[in-house]
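In what follows, a structure is listed as structure tokens, so that the remarks can point back to it.
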Amino acid sequence: MPRRHSNSERPFHLGPLPTERLARERAAPILAASQPGDAAAPGDAAIAAVFPPYRELFLSLLDGVAAPQPGQVPADLEARANNLKASAYFLDATSAGVCELEPSDWTTAPASAATHALVFLVEFGPEPAPGAPGWSWIAGSNAAWTDLRCAETAVVLAGYLRALGYAARGHVALDQNLMIERLAQRAGVARASADGGQLRAPMVRRGFRIAVVTTDYAMACDLPLAADATPDFPDQAARDGAGGTRPSWWDEELASRALHLGRYPMERIRRVDEPTTLVLRDEIQRVTKRSDFFTRGLAGDLGPKAQAERGRFATKHPLALAMTPPIRAMVPLQGGRGPAPPATFDPKLDDPERNAAALKALAYFLGADLVGVCRAEPWMYYSHDETGAPIAAYHRFALVILLDQGFETMEGASGDDWISGAQSMRAYLRGALVAGVIAAHLQRLGVSARSHTSAHSEVLHLPAVLMAGLGELPRIGELVLNPFIGPRSKSVLVTTDLPLTADRPIDFGLQSFCELCRKCARECPCNAISFGPKRMYNGYEIWKPDVERCAKYRLTNLRGSACGRCMKTCPYNREDLEESRRLLWLAIDHPEQHPWLIAHDDEIGAGAINGVKRWWFDLEIIDGVALRPPGGTNRRGLEPDRGAKLAGVQKLAVFPPELHPPVGTPVSVAVPVDRAAGLRAAAAAEDPKEARRRRN
């Protein structure tokens, strides 16, 4: 359901709905009201039963200690409010507003000297039709799930404000100290019906829940919605989504597709028996977790500077830092390798196809952007864990989930500036919650399951994403590119013994496109992406990047947090518009148009920074305080003439398993990277054509 109108000129802090066009009134009546709930109570199989541990986890993180002094944030109150609202929208809030706190907003004496409140609303997830796959798991759980989403977002926003040096506390439903429904009206995100009954949010067709962050961080305030403000889209332009807002037909089109299919028409993409890049399963050597290059950076294998930065490179921006505590706190809830306790009722899980559809529906309900299923083949597992203990493959299937890092924010960034780390952490946080809940639900049904997240995984994600049919391997190398959201995703897995029907790999013509297009290589800040042909690496046909060079740059980037510039500048990183779909189908159906499509991408300036979308503050946590970065900020423009120069001097190194640290090497022992051996390995790498001839 791509939109017709681009949002490229819409500031991000305005949000997805045209709420700025609604009538407002300072003296609008504030009435007693309740939040929307579910139409029916959850049944025995409902997923709501596994939420309590996560709710308790988030509740424990709603409050905390602020940084020792205020950060270097703008004094402008409007800029402050816009930044905090944009932060809420970045975390997928549906609507947000700010108001000053009044004594009557509290039911008890406030615990702090808070002066302002950010109020945000999160819409219910889409539900399957009664009897459809996943319905018995989802029905009756929407309010509880949305409360959990509200708590997750409140934890991050309150943590962000505390990282800026201000007191802040999150408040969610059932909070006994604060009148959340009153604040929702005063901040202009909802209003009560005339009889003072249930809250209503303009242009929100499904139910919703509300959360609040109270703080002493002064901001510009919003006005309440006028008593006669329309509850629906204000005019035809708003209904059409003019200006890039969410159109009125969005919900209808979403509801017209079975939930387990998701919003993107992956069923239209050609399926094949094997990936479009060669995978020689019997030649793949399983690798240890110690061989991961970020782990090698932590151990000192990449030198002292990379080692010193390893603990903070992705979280040195205050918003990213605020996501770290919940990500780490969810690791103990990921599940185990062994059998699950027996189910307390008959879950009827003997149909692999329906099981797969139900799991996909559940993942989409919880907020996944794309979902697939593959067999969890032994070669996908790490060989040894962090302690050097061997890992035996223990589950038969993997549910593979992709989380979109967000086109709008990426459009406003250079790809390697101060928001880059937060984009990754946002996807990691949501993925950890979604996968953890699904694994806990399966265990409750009597099925062994475990989630594999950025914080702790025993499975290599890339081969699972590839085999689950969620994309192809691109020139970028160590990621899988999806036809609809391009490369800008992060993955999370749930391995399980639940009988499932696996998806097949896909072919949308990416190999011939990437063969011609070298834009990611041209724009890579550290010249780590290959300009040359694919080679064989540990049983895979791949454009293998120089992971040492890439990891060092991401770890030691002085003018930003981490890096995702290859994702930012890829021609498949497009806004989800009807025109974008037209270009995608053109690339799929007419590969002879690939040269024109590649040239067209540069001609329209795709991948350049869109200043309208820059909503974050450039800040770096230094000695616990959010300061303007001493090194400045990367603001890279496109460099169409850079490729020829870089290609001529490029010498990439690759590091096959024989160049990894020996099994059992602890992180406390550095094993310096042998770059000379890596260069020799790259020069000696086998041509995939030769590998095919050798195997045939």
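Labels for the structure tokens follow display order: chains A, B, ..., residues from 1 in each chain, ligands from 1.
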
| said: So that I can check the surroundings of Ala238 in chain A, please list as a list in words every protein, DNA and RNA residue that reaches within 8 Å of it, counting only C-alpha atoms and ignoring chain neighbours fewer than 5 positions away. | reply: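 The residues that qualify are Pro18, Phe233, Thr245, Pro247 and Ser248 of chain A.
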
Go through range 338-368 of chain A residue by residue and, counting only C-alpha atoms, keep those with an atom at most 6 Å from range 111-135 of chain A; for each kept residue give the shortest atom pair and its distance in Å to one decimal, ordered by chain and increasing number, as CSV.
residue,atom,partner,partner_atom,distance
A:Ala357,CA,A:Pro133,CA,5.8
A:Ala358,CA,A:Gly134,CA,4.0
A:Ala361,CA,A:Gly134,CA,5.6
A:Leu362,CA,A:Gly134,CA,5.9
A:Phe365,CA,A:Gly125,CA,5.3

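Shortest atom-to-atom contact with Lys85 in chain A among A:Ala220, A:Ala439, A:Ala521, A:Ala109: A:Ala220, counting only C-alpha atoms.
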
Close residues, Ala435 in chain A itself excluded, 10 Å, only C-alpha atoms, min 6 positions apart in chain, as a PyMOL selection string:
chain A and resi 334+363+366+368+399-401+441+450-453+492-495

Could you write out the selected residues, including C-alpha atoms, as a tab-separated table (two decimals), in the first residue's frame?
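Printed below is part-v5.tsv as written:
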chain	number	residue	atom	x	y	z
A	334	GLN	CA	15.31	-14.89	25.31
A	363	ALA	CA	5.07	-11.07	14.16
A	366	LEU	CA	3.74	-7.08	17.07
A	368	ALA	CA	7.67	-6.67	12.29
A	399	LEU	CA	11.33	-17.44	12.14
A	400	VAL	CA	13.22	-14.54	10.55
A	401	ILE	CA	12.08	-10.96	11.18
A	441	HIS	CA	4.66	-17.56	23.67
A	450	ARG	CA	14.75	-19.17	21.67
A	451	SER	CA	15.16	-15.63	20.34
A	452	HIS	CA	18.45	-14.49	18.83
A	453	THR	CA	19.04	-10.73	19.09
A	492	VAL	CA	16.11	-10.88	14.67
A	493	LEU	CA	15.43	-14.62	14.77
A	494	VAL	CA	13.35	-17.09	16.73
A	495	THR	CA	14.57	-20.67	16.44

A straight line from CA of Ala343 in chain A to CA of Leu500 in chain A spans 18.3 Å

| field | 10 Å contact set for Arg271 in chain A, only C-alpha atoms, chain neighbours under 5 positions out, as a ChimeraX atom specification | value | /A:266,469,503-508

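For Ile485 in chain A, the list of residues within 12 Å, based on only C-alpha atoms and with local chain neighbours fewer than 6 positions off taken out, reads A:Pro2, A:Arg263, A:Tyr264, A:Pro265, A:Met266, A:Asp369, A:Leu370, A:Leu402, A:Leu403, A:Asp404, A:Gln405, A:Gly406, A:Phe407, A:Met410, A:Leu470, A:Gly471, A:Met567, A:Lys568, A:Cys570, A:Pro571, A:Tyr572, A:Asn573, A:Arg574, A:Glu575, A:Asp576, A:Leu577, A:Ser580, A:Arg581, A:Leu584.
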
- Query: In Å to one decimal, how far is CA of Pro474 in chain A from CA of Gln511 in chain A?
  - Reply: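 Straight-line distance from CA of Gln511 in chain A to CA of Pro474 in chain A works out to 6.9 Å.
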
**Asked** Quick one: residues within 7 Å of Tyr166 in chain A, only C-alpha atoms counted, chain neighbours fewer than 2 positions away excluded, as a list in words?
**Response** Ala66, Pro70, Leu161, Arg162, Leu164, Ala168, Thr215, Asp216 and Tyr217 of chain A

For the residues selected in the previous step, produce a file with C-alpha atoms as a PDB file, in the first residue's frame.
ATOM      1  CA  ALA A  66      20.037  12.144  35.306  1.00  0.00           C
ATOM      2  CA  PRO A  70      22.716  19.555  31.516  1.00  0.00           C
ATOM      3  CA  LEU A 161      16.077  13.232  28.700  1.00  0.00           C
ATOM      4  CA  ARG A 162      18.102  11.969  31.648  1.00  0.00           C
ATOM      5  CA  LEU A 164      20.624  15.181  28.389  1.00  0.00           C
ATOM      6  CA  ALA A 168      12.514  12.521  33.649  1.00  0.00           C
ATOM      7  CA  THR A 215      10.375  16.188  33.137  1.00  0.00           C
ATOM      8  CA  ASP A 216      11.927  19.479  34.242  1.00  0.00           C
ATOM      9  CA  TYR A 217      13.103  19.997  30.643  1.00  0.00           C
TER      10      TYR A 217
END

**Study point:** Neighbour list for Arg286 in chain A as a ChimeraX atom specification, cut-off 12 Å, only C-alpha atoms, skip fewer than 3 positions in-chain
**Key:** /A:281-283,289-291,377-385,390-393,458-460,463,538-539,656-658,660,663

Would you save the residues from that selection as a short mmCIF file (atom, residue, chain, number, x, y, z; two decimals), in the first residue's frame, using N, CA, C and O atoms?
data_model
loop_
_atom_site.label_atom_id
_atom_site.label_comp_id
_atom_site.auth_asym_id
_atom_site.auth_seq_id
_atom_site.Cartn_x
_atom_site.Cartn_y
_atom_site.Cartn_z
N ARG A 281 26.95 -25.71 1.07
CA ARG A 281 26.75 -25.97 2.49
C ARG A 281 27.85 -26.84 3.09
O ARG A 281 28.28 -26.61 4.22
N ASP A 282 28.30 -27.84 2.34
CA ASP A 282 29.28 -28.77 2.89
C ASP A 282 30.68 -28.17 2.96
O ASP A 282 31.59 -28.76 3.55
N GLU A 283 30.88 -27.00 2.36
CA GLU A 283 32.19 -26.35 2.42
C GLU A 283 32.23 -25.20 3.43
O GLU A 283 33.28 -24.59 3.64
N LYS A 289 31.91 -17.25 17.97
CA LYS A 289 31.48 -15.89 18.25
C LYS A 289 32.68 -14.97 18.48
O LYS A 289 32.59 -13.77 18.24
N ARG A 290 33.78 -15.53 18.89
CA ARG A 290 35.00 -14.74 19.10
C ARG A 290 35.53 -14.17 17.79
O ARG A 290 36.29 -13.19 17.79
N SER A 291 35.11 -14.76 16.63
CA SER A 291 35.64 -14.30 15.35
C SER A 291 34.90 -13.09 14.79
O SER A 291 35.35 -12.49 13.82
N GLU A 377 19.42 -24.70 9.60
CA GLU A 377 20.40 -25.73 9.25
C GLU A 377 21.66 -25.59 10.11
O GLU A 377 22.02 -24.47 10.52
N PRO A 378 22.34 -26.69 10.40
CA PRO A 378 23.48 -26.63 11.31
C PRO A 378 24.55 -25.61 10.92
O PRO A 378 25.16 -24.99 11.80
N TRP A 379 24.78 -25.40 9.62
CA TRP A 379 25.83 -24.47 9.19
C TRP A 379 25.49 -23.01 9.50
O TRP A 379 26.35 -22.13 9.39
N MET A 380 24.26 -22.75 9.91
CA MET A 380 23.88 -21.38 10.29
C MET A 380 24.27 -21.04 11.73
O MET A 380 24.32 -19.87 12.09
N TYR A 381 24.52 -22.04 12.53
CA TYR A 381 24.84 -21.80 13.94
C TYR A 381 26.32 -21.46 14.11
O TYR A 381 27.18 -21.95 13.37
N TYR A 382 26.61 -20.62 15.10
CA TYR A 382 28.01 -20.44 15.52
C TYR A 382 28.53 -21.79 16.02
O TYR A 382 27.76 -22.61 16.54
N SER A 383 29.83 -21.98 15.92
CA SER A 383 30.41 -23.24 16.39
C SER A 383 30.65 -23.24 17.90
O SER A 383 30.52 -24.28 18.55
N HIS A 384 30.97 -22.05 18.46
CA HIS A 384 31.29 -21.94 19.89
C HIS A 384 30.75 -20.62 20.42
O HIS A 384 30.68 -19.62 19.69
N ASP A 385 30.40 -20.61 21.69
CA ASP A 385 29.89 -19.39 22.30
C ASP A 385 31.01 -18.50 22.81
O ASP A 385 32.20 -18.76 22.55
N PRO A 390 31.31 -25.38 22.88
CA PRO A 390 30.71 -25.69 21.58
C PRO A 390 29.19 -25.52 21.59
O PRO A 390 28.53 -25.69 22.62
N ILE A 391 28.65 -25.12 20.43
CA ILE A 391 27.21 -24.98 20.24
C ILE A 391 26.76 -26.04 19.24
O ILE A 391 27.23 -26.04 18.09
N ALA A 392 25.88 -26.91 19.66
CA ALA A 392 25.29 -27.89 18.74
C ALA A 392 23.98 -27.31 18.22
O ALA A 392 23.23 -26.67 18.97
N ALA A 393 23.72 -27.50 16.93
CA ALA A 393 22.44 -27.04 16.37
C ALA A 393 21.30 -27.70 17.14
O ALA A 393 21.29 -28.92 17.31
N GLU A 458 23.00 -17.05 18.92
CA GLU A 458 23.81 -18.23 18.68
C GLU A 458 23.70 -18.70 17.23
O GLU A 458 24.19 -19.77 16.87
N VAL A 459 23.07 -17.86 16.42
CA VAL A 459 22.88 -18.16 15.00
C VAL A 459 23.37 -16.97 14.18
O VAL A 459 23.14 -15.81 14.56
N LEU A 460 24.04 -17.25 13.07
CA LEU A 460 24.41 -16.20 12.12
C LEU A 460 23.15 -15.76 11.37
O LEU A 460 22.46 -16.58 10.75
N PRO A 463 22.74 -15.83 6.73
CA PRO A 463 22.25 -16.97 5.96
C PRO A 463 20.78 -17.29 6.22
O PRO A 463 20.07 -17.74 5.31
N ASN A 538 34.36 -18.93 2.26
CA ASN A 538 33.86 -19.92 3.21
C ASN A 538 32.58 -20.58 2.72
O ASN A 538 31.61 -20.74 3.47
N GLY A 539 32.53 -20.94 1.45
CA GLY A 539 31.38 -21.64 0.90
C GLY A 539 30.30 -20.75 0.33
O GLY A 539 29.32 -21.25 -0.23
N PRO A 656 39.19 -15.45 6.00
CA PRO A 656 38.48 -16.74 6.10
C PRO A 656 38.75 -17.38 7.46
O PRO A 656 39.59 -16.92 8.24
N PRO A 657 38.03 -18.46 7.78
CA PRO A 657 38.13 -19.05 9.13
C PRO A 657 39.54 -19.37 9.59
O PRO A 657 39.83 -19.28 10.79
N GLU A 658 40.44 -19.74 8.67
CA GLU A 658 41.80 -20.08 9.10
C GLU A 658 42.56 -18.86 9.63
O GLU A 658 43.60 -19.01 10.28
N HIS A 660 40.97 -16.63 11.66
CA HIS A 660 40.27 -16.21 12.86
C HIS A 660 41.07 -16.61 14.10
O HIS A 660 41.93 -17.50 14.03
N VAL A 663 39.96 -21.42 18.33
CA VAL A 663 38.84 -21.77 19.20
C VAL A 663 39.28 -21.74 20.66
O VAL A 663 40.35 -22.25 21.01
#

Name the residues of range 211-306 of chain A that fall into helix (DSSP H, G or I) according to DSSP on the backbone, using the chain letters and numbers of this document, as a ChimeraX atom specification.
-> /A:236-240,242-244,250-255,259-261,266-268,281-283,289-291,293-299,304-306

For CA of Arg4 in chain A and CA of Ala606 in chain A, quote the distance in Å rounded to one decimal.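 One can read the CA of Arg4 in chain A to CA of Ala606 in chain A distance as 18.1 Å.
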
Show me, as JSON lines, the residues of range 220-325 of chain A having an atom within 6 Å of range 667-670 of chain A, each with the closest atom pair and its distance in Å, using only C-alpha atoms.
{"residue": "A:Ala299", "atom": "CA", "partner": "A:Val667", "partner_atom": "CA", "distance": 4.7}
{"residue": "A:Gly300", "atom": "CA", "partner": "A:Ala670", "partner_atom": "CA", "distance": 5.1}
{"residue": "A:Asp301", "atom": "CA", "partner": "A:Ala670", "partner_atom": "CA", "distance": 5.1}
